[in-house]
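**Q** Take a look at structure29.csv, CSV, C-alpha atoms:
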```csv
chain,number,residue,atom,x,y,z
A,1,MET,CA,189.6,-105.1,-149.5
A,2,VAL,CA,185.8,-104.8,-148.8
A,3,LYS,CA,185.8,-107.7,-146.4
A,4,GLU,CA,188.8,-106.2,-144.5
A,5,LYS,CA,187.0,-102.8,-144.2
A,6,LEU,CA,183.9,-104.4,-142.9
A,7,ALA,CA,185.8,-106.5,-140.4
A,8,ALA,CA,187.6,-103.4,-139.2
A,9,LEU,CA,184.3,-101.7,-138.7
A,10,ALA,CA,182.8,-104.5,-136.8
A,11,ASN,CA,185.8,-104.7,-134.4
A,12,ARG,CA,185.7,-101.0,-133.6
A,13,VAL,CA,185.6,-100.4,-129.8
A,14,PHE,CA,183.6,-97.5,-128.6
A,15,LYS,CA,185.4,-95.3,-126.0
A,16,PRO,CA,183.3,-92.6,-124.4
A,17,LYS,CA,186.3,-90.3,-124.0
A,18,ASP,CA,186.5,-90.2,-127.8
A,19,LEU,CA,183.3,-88.1,-127.8
A,20,LEU,CA,185.2,-85.2,-126.0
A,21,THR,CA,186.9,-84.3,-129.3
A,22,PRO,CA,184.8,-83.9,-132.5
A,23,GLN,CA,185.9,-86.3,-135.2
A,24,THR,CA,186.5,-83.6,-137.8
A,25,SER,CA,189.0,-81.9,-135.6
A,26,LYS,CA,191.2,-84.9,-135.1
A,27,ALA,CA,190.9,-86.8,-138.3
A,28,GLY,CA,193.7,-86.0,-140.7
A,29,GLY,CA,193.3,-85.4,-144.4
A,30,ILE,CA,189.6,-84.6,-144.2
A,31,SER,CA,188.7,-82.3,-147.1
A,32,LYS,CA,187.5,-78.7,-146.3
A,33,THR,CA,184.3,-77.3,-147.7
A,34,PHE,CA,185.7,-74.8,-150.1
A,35,ASN,CA,183.0,-74.4,-152.8
A,36,ASP,CA,184.4,-74.5,-156.3
A,37,HIS,CA,181.1,-73.1,-157.6
A,38,PRO,CA,180.6,-75.6,-160.4
A,39,SER,CA,177.6,-73.7,-161.6
A,40,LYS,CA,179.9,-71.0,-163.0
A,41,GLY,CA,180.2,-71.6,-166.7
A,42,LEU,CA,178.2,-74.8,-166.4
A,43,THR,CA,177.7,-76.7,-169.7
A,44,PRO,CA,175.7,-79.9,-170.5
A,45,THR,CA,179.0,-81.9,-170.8
A,46,ARG,CA,180.3,-80.6,-167.4
A,47,LEU,CA,177.0,-81.3,-165.7
A,48,ALA,CA,176.9,-84.9,-167.0
A,49,SER,CA,180.4,-85.4,-165.7
A,50,ILE,CA,179.4,-84.1,-162.2
A,51,LEU,CA,176.5,-86.5,-162.0
A,52,GLU,CA,178.6,-89.4,-163.1
A,53,GLN,CA,181.2,-88.6,-160.5
A,54,ALA,CA,178.5,-88.6,-157.8
A,55,GLU,CA,177.3,-92.0,-158.9
A,56,SER,CA,180.8,-93.4,-158.3
A,57,GLY,CA,180.8,-92.0,-154.7
A,58,ASP,CA,182.6,-88.7,-155.3
A,59,MET,CA,179.7,-86.4,-154.4
A,60,ALA,CA,181.6,-83.2,-153.6
A,61,SER,CA,180.9,-81.4,-156.9
A,62,GLN,CA,177.3,-82.5,-157.0
A,63,TYR,CA,176.5,-81.0,-153.6
A,64,GLN,CA,178.5,-77.9,-154.3
A,65,LEU,CA,176.3,-77.5,-157.4
A,66,PHE,CA,173.1,-78.0,-155.3
A,67,GLU,CA,174.2,-75.2,-153.0
A,68,ASP,CA,174.8,-72.9,-155.9
A,69,MET,CA,171.4,-73.8,-157.3
A,70,GLU,CA,169.7,-72.8,-154.0
A,71,GLU,CA,171.6,-69.5,-153.9
A,72,LYS,CA,171.1,-68.5,-157.6
A,73,ASP,CA,167.6,-69.7,-158.3
A,74,THR,CA,165.1,-67.7,-156.2
A,75,HIS,CA,162.2,-70.1,-157.1
A,76,ILE,CA,164.1,-73.2,-155.8
A,77,MET,CA,165.2,-71.3,-152.7
A,78,SER,CA,161.6,-70.2,-152.0
A,79,GLU,CA,160.1,-73.7,-152.5
A,80,MET,CA,162.8,-75.3,-150.4
A,81,GLY,CA,162.3,-72.7,-147.7
A,82,LYS,CA,158.6,-73.5,-147.5
A,83,ARG,CA,159.3,-77.2,-147.0
A,84,ARG,CA,162.1,-76.8,-144.5
A,85,ARG,CA,160.5,-74.1,-142.3
A,86,ALA,CA,157.2,-75.9,-142.1
A,87,LEU,CA,158.7,-78.3,-139.6
A,88,LEU,CA,159.7,-75.4,-137.2
A,89,SER,CA,156.1,-74.5,-136.6
A,90,LEU,CA,155.1,-78.0,-135.3
A,91,ASP,CA,155.0,-78.8,-131.6
A,92,TRP,CA,157.1,-81.7,-130.3
A,93,ARG,CA,157.4,-83.8,-127.1
A,94,ILE,CA,159.3,-86.7,-125.8
A,95,ASP,CA,157.1,-89.6,-124.7
A,96,PRO,CA,158.0,-92.7,-122.7
A,97,PRO,CA,157.5,-96.1,-124.4
A,98,PRO,CA,154.1,-97.9,-124.2
A,99,ASN,CA,153.4,-99.5,-120.8
A,100,ALA,CA,156.4,-97.6,-119.4
A,101,SER,CA,157.6,-98.2,-115.9
A,102,ALA,CA,157.9,-95.4,-113.4
A,103,GLN,CA,161.6,-95.2,-114.0
A,104,GLU,CA,161.1,-94.9,-117.8
A,105,LYS,CA,158.6,-92.1,-117.3
A,106,LYS,CA,161.0,-90.3,-115.1
A,107,LEU,CA,163.8,-90.7,-117.6
A,108,ALA,CA,161.6,-89.4,-120.4
A,109,GLU,CA,160.9,-86.3,-118.3
A,110,GLU,CA,164.6,-85.7,-117.7
A,111,VAL,CA,165.4,-86.1,-121.4
A,112,ALA,CA,162.7,-83.6,-122.3
A,113,GLU,CA,164.2,-81.1,-119.9
A,114,TRP,CA,167.7,-81.6,-121.5
A,115,PHE,CA,166.2,-80.9,-124.9
A,116,GLN,CA,164.4,-77.8,-123.6
A,117,GLU,CA,167.8,-76.5,-122.4
A,118,LEU,CA,169.6,-77.3,-125.7
A,119,ASP,CA,170.7,-74.1,-127.4
A,120,ALA,CA,169.7,-73.4,-131.0
A,121,TRP,CA,167.1,-76.2,-131.1
A,122,ASP,CA,165.3,-74.6,-134.1
A,123,GLU,CA,168.6,-74.3,-135.9
A,124,LEU,CA,169.4,-78.0,-135.4
A,125,LEU,CA,165.9,-78.9,-136.8
A,126,PHE,CA,166.4,-76.5,-139.8
A,127,ASP,CA,169.8,-78.0,-140.6
A,128,THR,CA,168.4,-81.5,-140.4
A,129,THR,CA,165.8,-80.5,-143.1
A,130,ASP,CA,168.7,-79.7,-145.5
A,131,ALA,CA,168.3,-83.4,-146.4
A,132,ILE,CA,165.0,-82.7,-148.1
A,133,GLY,CA,166.7,-81.2,-151.1
A,134,LYS,CA,170.1,-82.9,-151.0
A,135,GLY,CA,169.1,-86.4,-149.8
A,136,PHE,CA,170.9,-86.4,-146.5
A,137,SER,CA,172.4,-84.1,-143.8
A,138,CYS,CA,175.0,-84.7,-141.2
A,139,GLN,CA,175.5,-82.7,-138.0
A,140,GLU,CA,178.4,-83.3,-135.6
A,141,ILE,CA,177.8,-83.5,-131.9
A,142,GLU,CA,180.2,-81.9,-129.4
A,143,TRP,CA,179.7,-83.5,-126.0
A,144,HIS,CA,180.5,-82.5,-122.5
A,145,ARG,CA,179.8,-83.9,-119.0
A,146,PRO,CA,178.2,-81.4,-116.6
A,147,ASP,CA,177.5,-83.2,-113.3
A,148,GLY,CA,178.8,-86.4,-114.8
A,149,ILE,CA,176.0,-86.7,-117.4
A,150,TRP,CA,176.9,-86.8,-121.1
A,151,LEU,CA,175.0,-83.9,-122.8
A,152,PRO,CA,175.4,-82.2,-126.2
A,153,LYS,CA,177.4,-79.0,-125.8
A,154,ASN,CA,177.1,-78.0,-129.5
A,155,VAL,CA,175.7,-79.5,-132.7
A,156,GLU,CA,177.5,-78.3,-135.9
A,157,PHE,CA,176.2,-78.7,-139.4
A,158,ARG,CA,178.7,-80.3,-141.8
A,159,HIS,CA,178.4,-79.7,-145.6
A,160,GLN,CA,177.5,-82.7,-147.7
A,161,ALA,CA,180.7,-82.2,-149.8
A,162,LEU,CA,182.7,-83.5,-146.8
A,163,PHE,CA,181.2,-87.0,-147.2
A,164,GLN,CA,181.2,-89.9,-149.5
A,165,THR,CA,179.4,-93.2,-149.7
A,166,PHE,CA,180.8,-96.6,-149.0
A,167,GLN,CA,179.3,-99.5,-151.0
A,168,GLY,CA,178.7,-102.7,-148.9
A,169,PHE,CA,175.5,-104.6,-148.3
A,170,GLY,CA,174.0,-101.1,-148.0
A,171,GLN,CA,175.3,-97.6,-148.4
A,172,GLU,CA,177.2,-96.1,-145.6
A,173,ILE,CA,177.9,-92.3,-145.3
A,174,ARG,CA,181.6,-91.7,-144.5
A,175,LEU,CA,183.9,-88.8,-144.1
A,176,ARG,CA,186.2,-88.1,-147.0
A,177,ASN,CA,189.9,-88.5,-146.4
A,178,ASN,CA,193.0,-89.8,-148.1
A,179,ASP,CA,191.6,-93.3,-147.9
A,180,PRO,CA,189.5,-94.2,-151.0
A,181,ALA,CA,187.0,-96.0,-148.7
A,182,GLY,CA,186.6,-92.9,-146.4
A,183,GLU,CA,186.5,-92.8,-142.6
A,184,PRO,CA,183.5,-94.3,-140.8
A,185,LEU,CA,181.5,-91.9,-138.7
A,186,GLN,CA,182.2,-92.0,-135.0
A,187,MET,CA,179.6,-93.7,-133.0
A,188,PHE,CA,177.3,-91.3,-131.1
A,189,GLY,CA,179.1,-88.4,-132.7
A,190,TRP,CA,176.7,-87.6,-135.4
A,191,ILE,CA,173.0,-86.8,-136.2
A,192,THR,CA,172.4,-88.2,-139.7
A,193,HIS,CA,169.1,-87.8,-141.5
A,194,ILE,CA,168.4,-89.4,-144.9
A,195,HIS,CA,165.5,-88.0,-146.9
A,196,LYS,CA,165.0,-89.7,-150.3
A,197,ALA,CA,162.9,-88.0,-153.0
A,198,LYS,CA,162.9,-91.3,-154.9
A,199,SER,CA,164.0,-94.9,-154.4
A,200,GLY,CA,167.5,-95.8,-155.3
A,201,SER,CA,171.1,-95.1,-154.4
A,202,LEU,CA,171.7,-92.1,-152.1
A,203,GLU,CA,173.7,-90.2,-154.7
A,204,ARG,CA,170.7,-90.3,-157.1
A,205,SER,CA,167.8,-89.9,-154.7
A,206,ALA,CA,168.1,-86.1,-154.0
A,207,LEU,CA,165.3,-83.8,-155.0
A,208,LEU,CA,167.7,-81.2,-156.3
A,209,ARG,CA,169.3,-83.8,-158.7
A,210,ALA,CA,166.0,-83.9,-160.6
A,211,LEU,CA,166.2,-80.1,-161.0
A,212,VAL,CA,169.8,-79.8,-162.4
A,213,TRP,CA,168.8,-80.0,-166.0
A,214,PRO,CA,165.9,-77.5,-165.9
A,215,TYR,CA,168.3,-75.3,-163.8
A,216,LEU,CA,170.9,-75.4,-166.6
A,217,PHE,CA,168.5,-74.7,-169.4
A,218,LYS,CA,166.9,-71.9,-167.4
A,219,ASN,CA,170.3,-70.3,-166.9
A,220,TYR,CA,170.8,-70.3,-170.6
A,221,SER,CA,167.4,-68.6,-171.1
A,222,VAL,CA,168.1,-66.0,-168.4
A,223,GLY,CA,171.4,-65.2,-170.1
A,224,ASP,CA,169.8,-64.8,-173.5
A,225,LEU,CA,167.1,-62.6,-172.0
A,226,ALA,CA,169.7,-60.4,-170.3
A,227,GLU,CA,171.5,-59.9,-173.6
A,228,PHE,CA,168.2,-59.1,-175.4
A,229,LEU,CA,167.2,-56.5,-172.8
A,230,GLU,CA,170.6,-54.9,-172.9
A,231,ALA,CA,170.3,-54.4,-176.7
A,232,TYR,CA,166.6,-53.6,-176.6
A,233,GLY,CA,167.1,-50.9,-173.9
A,234,ILE,CA,169.6,-48.9,-176.0
A,235,PRO,CA,168.0,-45.7,-177.4
A,236,VAL,CA,167.6,-45.2,-181.1
A,237,ARG,CA,170.6,-43.4,-182.6
A,238,LEU,CA,170.0,-40.7,-185.1
A,239,GLY,CA,172.7,-39.1,-187.2
A,240,LYS,CA,172.2,-36.0,-189.3
A,241,TYR,CA,174.4,-34.5,-192.0
A,242,ASN,CA,174.1,-31.3,-193.9
A,243,ALA,CA,172.7,-31.0,-197.4
A,244,GLY,CA,176.1,-30.5,-198.9
A,245,ALA,CA,177.8,-33.4,-197.1
A,246,THR,CA,180.1,-35.5,-199.2
A,247,GLU,CA,179.9,-39.3,-199.6
A,248,LYS,CA,182.9,-39.7,-197.4
A,249,GLU,CA,181.3,-37.7,-194.6
A,250,LYS,CA,178.1,-39.7,-194.9
A,251,LEU,CA,180.1,-43.0,-194.5
A,252,THR,CA,182.0,-41.6,-191.6
A,253,LEU,CA,178.7,-40.8,-189.8
A,254,LEU,CA,177.3,-44.2,-190.6
A,255,ARG,CA,180.3,-46.0,-189.1
A,256,ALA,CA,180.0,-43.9,-186.0
A,257,LEU,CA,176.4,-44.9,-185.6
A,258,MET,CA,177.1,-48.6,-186.2
```
In structure tokens, what does this structure look like?

**A**
Amino acid sequence: MVKEKLAALANRVFKPKDLLTPQTSKAGGISKTFNDHPSKGLTPTRLASILEQAESGDMASQYQLFEDMEEKDTHIMSEMGKRRRALLSLDWRIDPPPNASAQEKKLAEEVAEWFQELDAWDELLFDTTDAIGKGFSCQEIEWHRPDGIWLPKNVEFRHQALFQTFQGFGQEIRLRNNDPAGEPLQMFGWITHIHKAKSGSLERSALLRALVWPYLFKNYSVGDLAEFLEAYGIPVRLGKYNAGATEKEKLTLLRALM
């Protein structure tokens, strides 16, 4: 089966007209990014199951959990924001190769102009840095041909839960669909960035994966603190009874206070 899949990949023929339609809009059976919010009611047993599923290639729940972690833990969101937004403050340029010819220098200038005209360049860079916490990020390119030149019309971020890994000689990121092996990404249709926090398989190299257990225990602690503060903040209750109150009246007052 693996050999057949690799052979089919090697024999794929690139057709420029395929770029006119984004892959996610024409591939049937691709899962949608509806977040099941696995952090809700998360337990150690459930967390271990999510991590094991990711190791087998089913990464959807793991990356949905990572998204919940960034939303619910202000410290994680703050630290990730520092790392991701630092890139936006840097200058950039497109240079021709060493010992470039006049034609190569001219082409580098044209490419730089195309990038300057690209809408939402900062947003594209920011979405690329989502790989810092999650290990990888994929953005789908929508192409068009003004004046006969292929140029990006739009670049759309696709959530990591849409993807899976295919184990061959190396790891390949593929779209999830009804095929257990997934669907290979269309050539020239994607911007894919891999950012490993540690060496190893892609599913286990994400920075946020190292934070899942501290996040779980912190959630328990925050819950306990909220319950304590709720009880601690209740005013002291005082009940008074008259000097001639009967034992039954005293017990009734005690039950009311309790």

**Q** Point out the residue among A:Arg158, A:Lys105, A:Lys196, A:Lys240 with the least atom-to-atom distance to Ile132 in chain A, counting all atoms listed in the file.

**A**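 Among A:Arg158, A:Lys105, A:Lys196, A:Lys240, it is A:Lys196 that comes nearest to Ile132 in chain A.
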
**Q** Measuring between only C-alpha atoms, which one of A:Trp92, A:Tyr215, A:Phe188, A:Phe166 shows the shortest distance to Asp18 in chain A?

**A**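 Of A:Trp92, A:Tyr215, A:Phe188, A:Phe166, the one nearest Asp18 in chain A, counting only C-alpha atoms, is A:Phe188.
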
**Q** Mind giving me the straight-line distance from CA of Glu67 in chain A to CA of Leu47 in chain A in Å, one decimal?

**A** 14.4 Å

**Q** CA of Asp58 in chain A and CA of His37 in chain A are how many Å apart?

**A** 15.8 Å

**Q** Have a look at A:Glu79, A:Asp224, A:Asp68, A:Asp130 and name the one nearest to His193 in chain A; count all atoms listed in the file.

**A** A:Asp130

**Q** Considering all atoms listed in the file, state which residue in the set A:Asp73, A:Glu104, A:Glu55, A:Glu110 is at the smallest distance from Val212 in chain A.

**A** A:Asp73
